[in-house]
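Asks: This is the content of my_file-v4.txt (compact mmCIF, C-alpha atoms and all ligand atoms):
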```txt
# COMPACT_ATOMS: atom_id res chain seq x y z
CA MET A 1 0.00 0.00 0.00
CA ALA A 2 1.03 3.59 -0.57
CA ARG A 3 -0.83 6.64 0.65
CA PHE A 4 -0.65 10.18 -0.72
CA LEU A 5 -2.18 13.52 0.07
CA GLN A 6 -3.12 15.23 -3.20
CA LEU A 7 -3.11 19.03 -3.24
CA SER A 8 -3.96 20.94 -6.38
CA ASP A 9 -4.31 24.41 -7.84
CA LEU A 10 -2.80 26.43 -5.00
CA HIS A 11 -2.49 29.51 -7.24
CA VAL A 12 -0.10 31.22 -4.82
CA VAL A 13 0.81 34.82 -5.65
CA ALA A 14 3.68 37.00 -4.47
CA PRO A 15 3.15 38.43 -0.96
CA GLY A 16 0.79 41.40 -0.95
CA ALA A 17 -0.91 40.45 -4.23
CA LEU A 18 -4.30 38.78 -4.83
CA ALA A 19 -5.08 36.04 -7.34
CA SER A 20 -7.73 37.21 -9.83
CA LYS A 21 -7.87 40.49 -7.84
CA ARG A 22 -9.78 38.71 -5.06
CA LEU A 23 -8.13 35.65 -3.55
CA ASP A 24 -5.47 35.94 -0.86
CA THR A 25 -4.02 32.60 -1.90
CA PRO A 26 -0.93 32.72 0.38
CA HIS A 27 -3.33 33.07 3.32
CA LEU A 28 -5.65 30.35 1.97
CA LEU A 29 -2.72 27.96 1.57
CA ARG A 30 -1.46 28.73 5.08
CA ARG A 31 -4.92 28.02 6.46
CA ALA A 32 -5.16 24.79 4.44
CA ILE A 33 -1.78 23.58 5.67
CA ASP A 34 -2.71 24.49 9.27
CA ALA A 35 -5.89 22.41 8.90
CA LEU A 36 -4.03 19.49 7.34
CA CYS A 37 -1.24 19.52 9.95
CA ALA A 38 -3.96 19.21 12.59
CA ARG A 39 -5.51 16.27 10.71
CA LEU A 40 -2.38 14.29 9.77
CA ASP A 41 -2.71 11.89 12.72
CA ALA A 42 -6.32 11.19 11.81
CA ILE A 43 -5.48 10.57 8.15
CA GLY A 44 -2.73 8.08 9.03
CA PRO A 45 0.83 7.66 7.73
CA LEU A 46 1.43 9.24 4.32
CA ASP A 47 4.20 8.44 1.85
CA ALA A 48 4.21 11.80 0.05
CA ILE A 49 2.35 14.95 -0.88
CA LEU A 50 1.39 14.96 -4.55
CA VAL A 51 0.82 18.44 -5.98
CA THR A 52 -1.02 18.37 -9.32
CA GLY A 53 -0.08 21.76 -10.71
CA ASP A 54 -0.90 25.45 -10.62
CA ILE A 55 1.29 25.84 -7.56
CA SER A 56 1.72 29.49 -8.54
CA ASP A 57 -0.78 31.83 -10.12
CA ASP A 58 1.68 34.44 -11.35
CA GLY A 59 4.81 32.33 -11.92
CA SER A 60 6.88 34.55 -9.59
CA ALA A 61 9.86 33.24 -7.62
CA GLU A 62 8.30 34.70 -4.46
CA SER A 63 5.10 32.70 -4.98
CA TYR A 64 7.04 29.45 -5.32
CA ASP A 65 9.20 30.20 -2.26
CA LEU A 66 6.06 30.88 -0.27
CA ALA A 67 4.32 27.72 -1.53
CA ARG A 68 7.41 25.64 -0.80
CA SER A 69 7.76 26.88 2.76
CA GLU A 70 4.07 26.14 3.43
CA LEU A 71 4.20 22.67 1.84
CA ASP A 72 7.36 21.84 3.80
CA ARG A 73 5.42 22.33 7.04
CA LEU A 74 3.71 18.99 6.35
CA GLY A 75 7.11 17.33 6.79
CA LEU A 76 6.64 14.85 3.94
CA PRO A 77 8.33 14.16 0.59
CA LEU A 78 6.91 16.33 -2.20
CA LEU A 79 6.04 15.21 -5.74
CA VAL A 80 5.00 17.95 -8.17
CA VAL A 81 3.81 18.38 -11.74
CA PRO A 82 3.36 21.81 -13.37
CA GLY A 83 0.03 23.34 -14.36
CA ASN A 84 -0.85 25.95 -16.96
CA HIS A 85 -0.27 28.84 -14.54
CA ASP A 86 3.18 27.59 -13.62
CA CYS A 87 6.47 28.76 -15.02
CA ARG A 88 8.48 25.58 -15.48
CA ASP A 89 11.96 26.91 -14.73
CA VAL A 90 10.93 29.12 -11.82
CA LEU A 91 9.10 26.14 -10.34
CA ARG A 92 12.19 24.01 -10.91
CA ASN A 93 14.37 26.52 -9.07
CA ALA A 94 12.16 26.36 -5.98
CA PHE A 95 11.66 22.57 -6.04
CA GLY A 96 14.94 21.56 -7.75
CA ASP A 97 16.26 19.67 -4.72
CA LEU A 98 13.41 17.14 -4.87
CA PRO A 99 14.65 13.71 -6.02
CA MET A 100 11.90 13.48 -8.66
CA MET A 101 12.79 16.80 -10.31
CA PRO A 102 14.64 16.53 -13.66
CA PRO A 103 17.45 19.11 -13.85
CA THR A 104 16.33 20.38 -17.27
CA GLY A 105 13.50 19.98 -19.76
CA LEU A 106 9.99 18.76 -19.15
CA ILE A 107 8.98 17.81 -15.61
CA ASP A 108 8.25 14.14 -16.29
CA TRP A 109 9.22 11.67 -13.56
CA SER A 110 8.66 8.19 -12.23
CA LEU A 111 9.18 6.94 -8.71
CA ASP A 112 8.62 3.61 -6.97
CA ILE A 113 7.00 3.86 -3.57
CA GLY A 114 6.25 0.52 -1.94
CA GLU A 115 4.47 -1.60 -4.53
CA THR A 116 3.28 1.48 -6.45
CA THR A 117 4.93 3.27 -9.35
CA VAL A 118 3.98 6.95 -9.34
CA ILE A 119 4.43 8.74 -12.65
CA GLY A 120 4.16 12.50 -13.14
CA LEU A 121 3.71 13.99 -16.62
CA ASP A 122 4.19 17.60 -17.70
CA THR A 123 1.23 19.01 -19.70
CA LEU A 124 2.28 22.67 -19.45
CA VAL A 125 2.47 24.65 -22.69
CA GLU A 126 3.74 28.03 -21.55
CA GLY A 127 1.60 30.91 -22.78
CA GLN A 128 -1.66 28.98 -23.08
CA GLY A 129 -4.28 27.56 -20.74
CA GLY A 130 -4.80 24.25 -22.50
CA GLY A 131 -2.40 21.38 -21.94
CA ARG A 132 -0.63 18.97 -24.23
CA LEU A 133 1.49 15.85 -23.82
CA ARG A 134 4.49 16.11 -26.09
CA PRO A 135 5.97 13.08 -27.85
CA GLU A 136 8.85 12.97 -25.33
CA SER A 137 6.38 12.81 -22.40
CA LEU A 138 4.38 10.10 -24.11
CA SER A 139 7.47 7.99 -24.72
CA PHE A 140 8.65 8.66 -21.14
CA PHE A 141 5.27 7.37 -19.98
CA SER A 142 5.45 4.34 -22.23
CA ASN A 143 8.91 3.42 -20.88
CA ALA A 144 7.83 4.02 -17.28
CA LEU A 145 4.79 1.77 -17.76
CA GLU A 146 6.99 -0.94 -19.17
CA LYS A 147 9.42 -0.69 -16.24
CA ALA A 148 6.51 -0.74 -13.77
CA SER A 149 5.86 -4.31 -14.94
CA ASN A 150 3.01 -5.57 -12.76
CA ARG A 151 3.19 -2.93 -10.01
CA SER A 152 0.23 -0.62 -9.29
CA VAL A 153 0.53 2.59 -11.33
CA LEU A 154 -0.64 6.05 -10.27
CA LEU A 155 -0.39 8.70 -12.99
CA ALA A 156 -0.47 12.38 -12.00
CA LEU A 157 -0.89 15.25 -14.43
CA HIS A 158 -2.46 18.70 -14.29
CA HIS A 159 -4.90 18.66 -17.21
CA PRO A 160 -7.33 15.75 -16.82
CA PRO A 161 -8.25 13.58 -19.80
CA LEU A 162 -11.96 14.24 -19.31
CA TYR A 163 -14.57 16.90 -20.02
CA THR A 164 -16.62 18.58 -17.31
CA GLY A 165 -19.22 20.39 -19.42
CA ILE A 166 -17.96 23.70 -18.03
CA ARG A 167 -17.27 25.34 -21.36
CA PHE A 168 -14.49 27.70 -20.38
CA MET A 169 -12.58 24.86 -18.74
CA ASP A 170 -13.18 22.30 -21.47
CA GLU A 171 -11.81 24.83 -23.96
CA ILE A 172 -8.48 24.72 -22.10
CA GLY A 173 -8.42 20.97 -21.42
CA LEU A 174 -5.89 18.35 -22.45
CA GLU A 175 -5.55 18.66 -26.23
CA ASN A 176 -4.42 15.13 -26.97
CA CYS A 177 -6.31 12.72 -24.70
CA ASN A 178 -6.21 10.24 -27.59
CA ASP A 179 -2.41 10.08 -27.50
CA LEU A 180 -2.51 9.33 -23.77
CA GLU A 181 -5.15 6.67 -24.37
CA GLY A 182 -2.94 5.22 -27.11
CA VAL A 183 -0.01 4.73 -24.71
CA LEU A 184 -2.31 3.33 -22.04
CA LYS A 185 -3.36 0.57 -24.46
CA GLN A 186 -0.01 -1.14 -23.79
CA CYS A 187 -1.07 -1.62 -20.16
CA ASP A 188 -3.36 -4.55 -19.52
CA ARG A 189 -4.36 -3.48 -16.02
CA PRO A 190 -6.05 -0.29 -14.79
CA VAL A 191 -3.87 2.78 -14.29
CA ARG A 192 -5.22 5.27 -11.72
CA ILE A 193 -5.10 8.79 -13.13
CA VAL A 194 -5.28 11.85 -10.87
CA ALA A 195 -5.34 15.45 -12.04
CA GLY A 196 -6.31 18.99 -11.07
CA HIS A 197 -7.06 22.03 -13.24
CA VAL A 198 -10.86 21.93 -13.00
CA HIS A 199 -10.99 22.99 -9.30
CA GLY A 200 -13.53 20.33 -8.40
CA ILE A 201 -14.17 16.62 -8.10
CA TYR A 202 -14.88 14.88 -11.41
CA HIS A 203 -14.70 11.15 -11.85
CA GLY A 204 -14.50 9.53 -15.25
CA ALA A 205 -12.61 6.97 -17.28
CA LEU A 206 -10.23 6.67 -20.17
CA GLY A 207 -10.97 3.17 -21.44
CA PRO A 208 -10.50 0.85 -18.44
CA HIS A 209 -8.47 3.49 -16.55
CA THR A 210 -10.10 5.67 -13.90
CA VAL A 211 -9.65 9.45 -13.87
CA VAL A 212 -10.37 11.67 -10.89
CA THR A 213 -9.71 15.37 -10.32
CA ALA A 214 -9.03 17.06 -7.00
CA PRO A 215 -10.60 20.24 -5.68
CA SER A 216 -8.41 23.32 -5.40
CA THR A 217 -7.14 24.75 -2.13
CA CYS A 218 -8.37 28.22 -3.14
CA SER A 219 -11.44 28.30 -5.41
CA ALA A 220 -14.02 26.31 -7.38
CA PHE A 221 -16.02 26.55 -10.60
CA ALA A 222 -19.79 26.24 -10.62
CA LEU A 223 -21.20 23.39 -12.69
CA ASP A 224 -22.98 25.59 -15.21
CA ARG A 225 -23.19 24.00 -18.66
CA ARG A 226 -25.30 26.71 -20.27
CA GLU A 227 -23.91 28.53 -23.26
CA ASP A 228 -24.14 31.87 -21.46
CA ALA A 229 -22.65 30.58 -18.18
CA PHE A 230 -20.72 33.15 -16.15
CA VAL A 231 -17.01 32.79 -16.77
CA GLY A 232 -15.48 33.02 -13.33
CA PHE A 233 -14.91 31.28 -10.02
CA MET A 234 -16.45 30.70 -6.59
CA THR A 235 -14.44 30.92 -3.36
CA GLY A 236 -15.40 27.34 -2.46
CA PRO A 237 -15.83 24.52 -1.81
CA THR A 238 -12.10 24.02 -1.44
CA GLY A 239 -10.37 20.79 -0.56
CA CYS A 240 -7.78 18.16 -1.31
CA ALA A 241 -7.71 14.37 -1.41
CA VAL A 242 -6.22 11.28 0.15
CA ILE A 243 -5.18 8.48 -2.21
CA ASP A 244 -4.82 4.95 -0.88
CA ILE A 245 -3.32 2.78 -3.58
CA GLY A 246 -2.45 -0.89 -3.79
CA PRO A 247 -3.92 -3.58 -6.04
CA ASP A 248 -7.14 -1.53 -5.69
CA TRP A 249 -7.49 2.08 -4.72
CA VAL A 250 -9.61 4.57 -2.83
CA TRP A 251 -9.55 8.27 -3.65
CA THR A 252 -11.08 10.28 -0.82
CA ALA A 253 -12.07 13.93 -1.09
CA VAL A 254 -11.09 15.95 1.97
CA PRO A 255 -12.93 19.27 2.38
CA LEU A 256 -10.81 22.00 3.92
CA ASP A 257 -13.75 23.44 5.83
CA HIS A 258 -15.81 21.10 7.95
CA GLY A 259 -18.96 22.40 9.57
CA PRO A 260 -19.02 22.60 13.37
CA GLY A 261 -18.66 19.30 15.30
CA PRO A 262 -18.15 16.44 15.90
CA PHE A 263 -21.29 15.93 18.00
CA ASN A 264 -22.55 12.79 19.72
CA PHE A 265 -25.08 10.75 17.72
FE FE A 301 -5.95 26.10 -11.54
```
What does this structure look like when you write it as structure tokens?
Replies:
Amino acid sequence: MARFLQLSDLHVVAPGALASKRLDTPHLLRRAIDALCARLDAIGPLDAILVTGDISDDGSAESYDLARSELDRLGLPLLVVPGNHDCRDVLRNAFGDLPMMPPTGLIDWSLDIGETTVIGLDTLVEGQGGGRLRPESLSFFSNALEKASNRSVLLALHHPPLYTGIRFMDEIGLENCNDLEGVLKQCDRPVRIVAGHVHGIYHGALGPHTVVTAPSTCSAFALDRREDAFVGFMTGPTGCAVIDIGPDWVWTAVPLDHGPGPFNF
């Protein structure tokens, strides 16, 4: 068994700034990490924190330093993939000491933890919201799947290979889901795919492989599929997830704000 805490879409900005002119994301992240530190014992032993992109909102070095110092408070190994808001090389500077981090190029990695192979793929195309898996990432993934042999495989990427019906998010989704599906065809057992980007919980499938997206630590998008839907965000619900993976898996959404309680039944 391996267990991960998945955090996504932190959108941290430089101190004193606001994300989208409204969200004090450094404060929201601090509050999220405070809440999680208080809950770590209840969650049980974790192998790593998996961050599925959009660590920064503005790509500034200050935002990454701030995010790193907050994430380090959890006292666990960090695994990160970039999102569309990230700046690959600035991210790499702040997280370059992590064993999974390649020194140059795309942030694709593979790591064995217990009986699980965790693979991170880089879907960031700087300058655009939509994501794409380049040929080198697809062949990295193919090789990593081959090496994983019959171990459990957890794939993490920012842009999920699914559609939510939220038009403004689907327009900036993963451009080449088919290529990912093509590589997955070489794998005769289910790969568990986790992503972020859509700031909410969506569960779907790519062939026999399950796909699930984590909520953001800072904002959410309303499920409004109308053509004239408002293009914008809500301040919640926010959250993260716990992933228990072995031969089977359980992906558990963890809201960052519980209501009052617990109370006796
Ligand atoms: Fe995001």
Asks: Please build the interface table for chain A against ligand FE 301 (chain A) with a cut-off of 8 Å, listing for each qualifying residue the nearest atom pair and the distance in Å to one decimal; count all atoms listed in the file, order rows by chain and increasing number, and write it as a tab-separated table.
Replies:
```
residue	atom	partner	partner_atom	distance
A:Ser8	CA	A:FE301	FE	7.6
A:Asp9	CA	A:FE301	FE	4.4
A:Leu10	CA	A:FE301	FE	7.3
A:His11	CA	A:FE301	FE	6.5
A:Gly53	CA	A:FE301	FE	7.3
A:Asp54	CA	A:FE301	FE	5.2
A:Asp57	CA	A:FE301	FE	7.8
A:Gly83	CA	A:FE301	FE	7.2
A:Asn84	CA	A:FE301	FE	7.4
A:His85	CA	A:FE301	FE	7.0
A:Gly196	CA	A:FE301	FE	7.1
A:His197	CA	A:FE301	FE	4.5
A:Val198	CA	A:FE301	FE	6.6
A:His199	CA	A:FE301	FE	6.3
A:Ser216	CA	A:FE301	FE	7.2
```
Asks: How close does each residue of stretch 192-249 of chain A get to stretch 141-157 of chain A, giving the shortest atom pair and distance in Å to one decimal for every residue with an atom at most 9 Å away, counting all atoms listed in the file, sorted by chain and residue number, as JSON lines?
Replies:
```
{"residue": "A:Arg192", "atom": "CA", "partner": "A:Leu154", "partner_atom": "CA", "distance": 4.9}
{"residue": "A:Ile193", "atom": "CA", "partner": "A:Leu155", "partner_atom": "CA", "distance": 4.7}
{"residue": "A:Val194", "atom": "CA", "partner": "A:Ala156", "partner_atom": "CA", "distance": 5.0}
{"residue": "A:Ala195", "atom": "CA", "partner": "A:Leu157", "partner_atom": "CA", "distance": 5.1}
{"residue": "A:Gly196", "atom": "CA", "partner": "A:Leu157", "partner_atom": "CA", "distance": 7.4}
{"residue": "A:Ile245", "atom": "CA", "partner": "A:Ser152", "partner_atom": "CA", "distance": 7.5}
{"residue": "A:Gly246", "atom": "CA", "partner": "A:Ser152", "partner_atom": "CA", "distance": 6.1}
{"residue": "A:Pro247", "atom": "CA", "partner": "A:Ser152", "partner_atom": "CA", "distance": 6.0}
{"residue": "A:Asp248", "atom": "CA", "partner": "A:Ser152", "partner_atom": "CA", "distance": 8.3}
```
Asks: Quick one: everything within 8 Å of A:Ala253, counting all atoms listed in the file, minus sequence neighbours fewer than 3 positions away in the same chain. Send it as an MDAnalysis selection string.
Replies: chainID A and resid 201 214:215 239:242
Asks: If we count only C-alpha atoms and set the cut-off at 9 Å, which residues sit around A:Pro77, ignoring sequence neighbours fewer than 3 positions away in its own chain? Please answer as a ChimeraX atom specification.
Replies: /A:47-50,72,74,98
Asks: Check the smallest atom-to-atom distance from each of A:Arg31, A:Arg225, A:Arg88, A:His203 to A:Ile55 using only C-alpha atoms, then report the winner.
Replies: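 So, comparing all the options, the nearest one is A:Arg88.
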Asks: Suppose you want the space between atom CA of A:Leu76 and atom CA of A:Gly204; what is it in Å?
Replies: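 For atom CA of A:Leu76 relative to atom CA of A:Gly204, the distance reads 29.0 Å.
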Asks: Give me, as JSON lines, the closest atom pair and its distance (Å, one decimal) for every residue of stretch 212-256 of chain A within a cut-off of 12 Å of stretch 168-181 of chain A, counting all atoms listed in the file, rows sorted by chain and rising number.
Replies:
```
{"residue": "A:Ala220", "atom": "CA", "partner": "A:Met169", "partner_atom": "CA", "distance": 11.5}
{"residue": "A:Phe221", "atom": "CA", "partner": "A:Met169", "partner_atom": "CA", "distance": 9.0}
{"residue": "A:Ala222", "atom": "CA", "partner": "A:Met169", "partner_atom": "CA", "distance": 10.9}
{"residue": "A:Leu223", "atom": "CA", "partner": "A:Met169", "partner_atom": "CA", "distance": 10.6}
{"residue": "A:Asp224", "atom": "CA", "partner": "A:Phe168", "partner_atom": "CA", "distance": 10.2}
{"residue": "A:Arg225", "atom": "CA", "partner": "A:Phe168", "partner_atom": "CA", "distance": 9.6}
{"residue": "A:Arg226", "atom": "CA", "partner": "A:Phe168", "partner_atom": "CA", "distance": 10.9}
{"residue": "A:Glu227", "atom": "CA", "partner": "A:Phe168", "partner_atom": "CA", "distance": 9.9}
{"residue": "A:Asp228", "atom": "CA", "partner": "A:Phe168", "partner_atom": "CA", "distance": 10.6}
{"residue": "A:Ala229", "atom": "CA", "partner": "A:Phe168", "partner_atom": "CA", "distance": 8.9}
{"residue": "A:Phe230", "atom": "CA", "partner": "A:Phe168", "partner_atom": "CA", "distance": 9.3}
{"residue": "A:Val231", "atom": "CA", "partner": "A:Phe168", "partner_atom": "CA", "distance": 6.7}
{"residue": "A:Gly232", "atom": "CA", "partner": "A:Phe168", "partner_atom": "CA", "distance": 8.9}
{"residue": "A:Phe233", "atom": "CA", "partner": "A:Phe168", "partner_atom": "CA", "distance": 11.0}
```
Asks: Next, dump the selected residues to file, keeping only C-alpha atoms, as a PDB file, in the frame of the given file.
Replies:
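Final output, saved to out.pdb:
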```
ATOM      1  CA  ALA A 220     -14.020  26.310  -7.380  1.00  0.00           C
ATOM      2  CA  PHE A 221     -16.020  26.550 -10.600  1.00  0.00           C
ATOM      3  CA  ALA A 222     -19.790  26.240 -10.620  1.00  0.00           C
ATOM      4  CA  LEU A 223     -21.200  23.390 -12.690  1.00  0.00           C
ATOM      5  CA  ASP A 224     -22.980  25.590 -15.210  1.00  0.00           C
ATOM      6  CA  ARG A 225     -23.190  24.000 -18.660  1.00  0.00           C
ATOM      7  CA  ARG A 226     -25.300  26.710 -20.270  1.00  0.00           C
ATOM      8  CA  GLU A 227     -23.910  28.530 -23.260  1.00  0.00           C
ATOM      9  CA  ASP A 228     -24.140  31.870 -21.460  1.00  0.00           C
ATOM     10  CA  ALA A 229     -22.650  30.580 -18.180  1.00  0.00           C
ATOM     11  CA  PHE A 230     -20.720  33.150 -16.150  1.00  0.00           C
ATOM     12  CA  VAL A 231     -17.010  32.790 -16.770  1.00  0.00           C
ATOM     13  CA  GLY A 232     -15.480  33.020 -13.330  1.00  0.00           C
ATOM     14  CA  PHE A 233     -14.910  31.280 -10.020  1.00  0.00           C
TER      15      PHE A 233
END
```
Asks: Kindly give the distance, in Å, that separates atom CA of A:Gln6 and atom CA of A:Asp65, rounded to a single decimal.
Replies: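 The value is 19.4 Å.
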Asks: Restricting the calculation to all atoms listed in the file, which member of A:Ile166, A:Leu5, A:Leu18, A:Val183 is positioned closest to A:Gly44?
Replies: A:Leu5
Asks: Pick the closest to A:Gly114 from A:Thr235, A:Ala32, A:Leu46, A:Asp89: which is it, counting only C-alpha atoms?
Replies: A:Leu46
Asks: Closest to A:Asn93 among A:Asp108, A:Thr116, A:Ser60, A:Thr210, using all atoms listed in the file?
Replies: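 Checking each of A:Asp108, A:Thr116, A:Ser60, A:Thr210 against A:Asn93, counting all atoms listed in the file, the winner is A:Ser60.
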Asks: May I ask for the distance between atom CA of A:Pro208 and atom CA of A:Val51, given in Å to one decimal place?
Replies: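 Answer for the atom CA of A:Pro208 to atom CA of A:Val51 separation: 24.3 Å.
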Asks: Just the residues within 8 Å of A:Trp109, please, counting only C-alpha atoms, with nothing from its chain fewer than 2 positions along; format it as a PyMOL selection string.
Replies: chain A and resi 100-102+107+111+119-121
Asks: Produce a file of the selected residues containing C-alpha atoms, as a compact mmCIF listing (two decimals), in the coordinates of the input.
Replies:
```
# COMPACT_ATOMS: atom_id res chain seq x y z
CA MET A 100 11.90 13.48 -8.66
CA MET A 101 12.79 16.80 -10.31
CA PRO A 102 14.64 16.53 -13.66
CA ILE A 107 8.98 17.81 -15.61
CA LEU A 111 9.18 6.94 -8.71
CA ILE A 119 4.43 8.74 -12.65
CA GLY A 120 4.16 12.50 -13.14
CA LEU A 121 3.71 13.99 -16.62
```
Asks: Which one of A:Pro237, A:Gly165, A:Gly75, A:Pro15 sits closest to A:His258 if you count only C-alpha atoms?
Replies: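 With only C-alpha atoms as the atom set, the closest residue is A:Pro237.
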Asks: Restricting the calculation to all atoms listed in the file, which member of A:Asp24, A:Val13, A:Pro45, A:Glu136 is positioned closest to A:Ile243?
Replies: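 Nearest to A:Ile243: A:Pro45.
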Asks: Could you pull the residues within 9 Å of A:Leu124, counting only C-alpha atoms, minus those fewer than 3 positions along the same chain, as an mmCIF file with C-alpha atoms, in the coordinates of the input?
Replies:
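Generated output (part.cif):
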```
data_model
loop_
_atom_site.group_PDB
_atom_site.id
_atom_site.type_symbol
_atom_site.label_atom_id
_atom_site.label_comp_id
_atom_site.auth_asym_id
_atom_site.auth_seq_id
_atom_site.Cartn_x
_atom_site.Cartn_y
_atom_site.Cartn_z
ATOM 1 C CA VAL A 81 3.810 18.380 -11.740
ATOM 2 C CA PRO A 82 3.360 21.810 -13.370
ATOM 3 C CA GLY A 83 0.030 23.340 -14.360
ATOM 4 C CA ASN A 84 -0.850 25.950 -16.960
ATOM 5 C CA HIS A 85 -0.270 28.840 -14.540
ATOM 6 C CA ASP A 86 3.180 27.590 -13.620
ATOM 7 C CA CYS A 87 6.470 28.760 -15.020
ATOM 8 C CA ARG A 88 8.480 25.580 -15.480
ATOM 9 C CA LEU A 106 9.990 18.760 -19.150
ATOM 10 C CA GLY A 127 1.600 30.910 -22.780
ATOM 11 C CA GLN A 128 -1.660 28.980 -23.080
ATOM 12 C CA GLY A 129 -4.280 27.560 -20.740
ATOM 13 C CA GLY A 130 -4.800 24.250 -22.500
ATOM 14 C CA GLY A 131 -2.400 21.380 -21.940
ATOM 15 C CA ARG A 132 -0.630 18.970 -24.230
ATOM 16 C CA LEU A 133 1.490 15.850 -23.820
ATOM 17 C CA HIS A 158 -2.460 18.700 -14.290
ATOM 18 C CA HIS A 159 -4.900 18.660 -17.210
#
```
